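Colleague: One structure, pasted below without further comment.
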Amino acid sequence: MKAYEKVFEFLTDPTKETFLKCRELVIHDPQYDPYSEDIENMQDLLNEGKFEEVIQYVNVNILLSPRAHICKYFAYKELGDDKGRNIEMTIAQLIFECLEKTGDGTKDSPYMITRISDERDLIRHHFNKQDVSQSLIKDGDRIMDALTLDDGTQLYFDIRVPYQRLAFSFNKRNGQAESKEEEKILKKKWWKF
């Protein structure tokens with residue numbers, strides 16, 4: 001069984017526990033990037049009419065993204081593939097349901113997301129509401145986004161893992177840049193001071 005297939009094991013038993021177990025596979029993958037541009041790339045392909053490319057687009061960063069599966073739904077729809085369309089909508093709906101099971105959106109029990117885009121996907125596509133503002137909250141070792149909705153309510157999202165991954169990626173990129181600068185210094189010609 002491919003590693004990506006294991007991520008979808010929650011589909012047969014869509015509980016909070018099975019979803020979080022599958023989420024662990026994603027967030028521990030070395031290629032995991034909760035801020036990747038994959039969703040935007042898929043939407044661009046969809047807008048360009050490259051439906052087969054949308055369907056073929058697969059990496060760890062989109063596996064648990066409801067919006068990625070909605071993009072695939074529209075690609076299958078444009079290609080007239082009802083079976084593929086139904087599968088993708090079912091996956092998106094189960095991801096929404098499982099995201100909702102991870103908490104209740106309060107500060108004490110925030111929703112646990114995999115991608116930052118999951119916040120707005122859940123609000124806009126599942127709850128059919130709009131967000132008007134967002135704030136970052138650090139509370140001890142907890143890191144959350146608080147989104148205020150147009151009806152005045154607030155929903156909280158646990159973003160500790162995506163936030164830490166962003167910091168790790170930032171440090172890694174800075175470390176690589178410093179290494180390249182050190183290499184340039186070491187490779188300097190002996191006559192250049």
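We label chains A, B, ... in the order they appear in the structure tokens, count residues from 1 in each chain, and number ligands from 1 in the order shown.
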Residues of range 93-128 of chain A within 8 Å of range 64-81 of chain A: nearest atom pair and distance (Å, one decimal) for each, counting only C-alpha atoms, sorted by chain and number, as a tab-separated table?

Modeller:
```
residue	atom	partner	partner_atom	distance
A:Gln93	CA	A:Pro66	CA	7.4
A:Ile95	CA	A:Pro66	CA	6.0
A:Phe96	CA	A:Pro66	CA	6.7
A:Thr114	CA	A:Leu64	CA	7.1
A:Arg115	CA	A:Ser65	CA	7.0
A:Ser117	CA	A:Ser65	CA	7.9
A:Asp118	CA	A:Ser65	CA	6.5
A:Asp121	CA	A:Arg67	CA	6.6
```

Colleague: Atoms to include: C-alpha atoms. Write the selected residues as a PDB file, in the first residue's frame.

Modeller:
```pdb
ATOM      1  CA  GLN A  93     -17.393  16.107   2.611  1.00  0.00           C
ATOM      2  CA  ILE A  95     -12.765  15.739   5.425  1.00  0.00           C
ATOM      3  CA  PHE A  96     -15.110  18.589   6.411  1.00  0.00           C
ATOM      4  CA  THR A 114      -3.565  20.497   8.441  1.00  0.00           C
ATOM      5  CA  ARG A 115      -3.321  23.441   6.031  1.00  0.00           C
ATOM      6  CA  SER A 117      -6.458  27.155   3.947  1.00  0.00           C
ATOM      7  CA  ASP A 118      -8.556  24.596   5.863  1.00  0.00           C
ATOM      8  CA  ASP A 121     -12.602  26.171   3.614  1.00  0.00           C
TER       9      ASP A 121
END
```

Colleague: Enumerate, as a count of residues only, the complete set of residues in range 9-137 of chain A that a backbone-based DSSP assignment places in helix (DSSP H, G or I).

Modeller: 75

Colleague: Give the answer as one residue: which of A:Ile87, A:Val26, A:Leu45, A:Leu147 has the shortest atom-to-atom distance to Asn61 in chain A, using only C-alpha atoms?

Modeller: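 Using only C-alpha atoms, Asn61 in chain A sits closest to A:Val26.
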
Colleague: For a quick check of understanding, using only C-alpha atoms, which of A:Asp108, A:Leu11, A:Asp29, A:Ile62 has the smallest distance to Asn41 in chain A?

Modeller: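 The shortest atom-to-atom distance to Asn41 in chain A comes from A:Ile62.
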
Colleague: So, with only C-alpha atoms as the atoms that count, which of A:Arg124, A:Lys138, A:Lys6, A:Lys16 lies closest to Lys101 in chain A?

Modeller: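 Under the stated criterion, the closest residue is A:Lys16.
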
Colleague: Rounded to one decimal place, report the CA of Arg160 in chain A-CA of Ile137 in chain A distance in Å.

Modeller: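 Pair CA of Arg160 in chain A / CA of Ile137 in chain A returns 10.3 Å.
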
Colleague: Env of Gln43 in chain A: 9 Å cut, atoms = only C-alpha atoms, seq-sep filter 4 positions within chain, self excluded. Answer as a PyMOL selection string.

Modeller: chain A and resi 38-39+47-48+54+68+71

Colleague: Could you tell me which of A:Tyr111, A:Val7, A:Glu88, A:Ile116 comes closest to Leu166 in chain A if we count only C-alpha atoms?

Modeller: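 Selected residue with least distance to Leu166 in chain A: A:Ile116.
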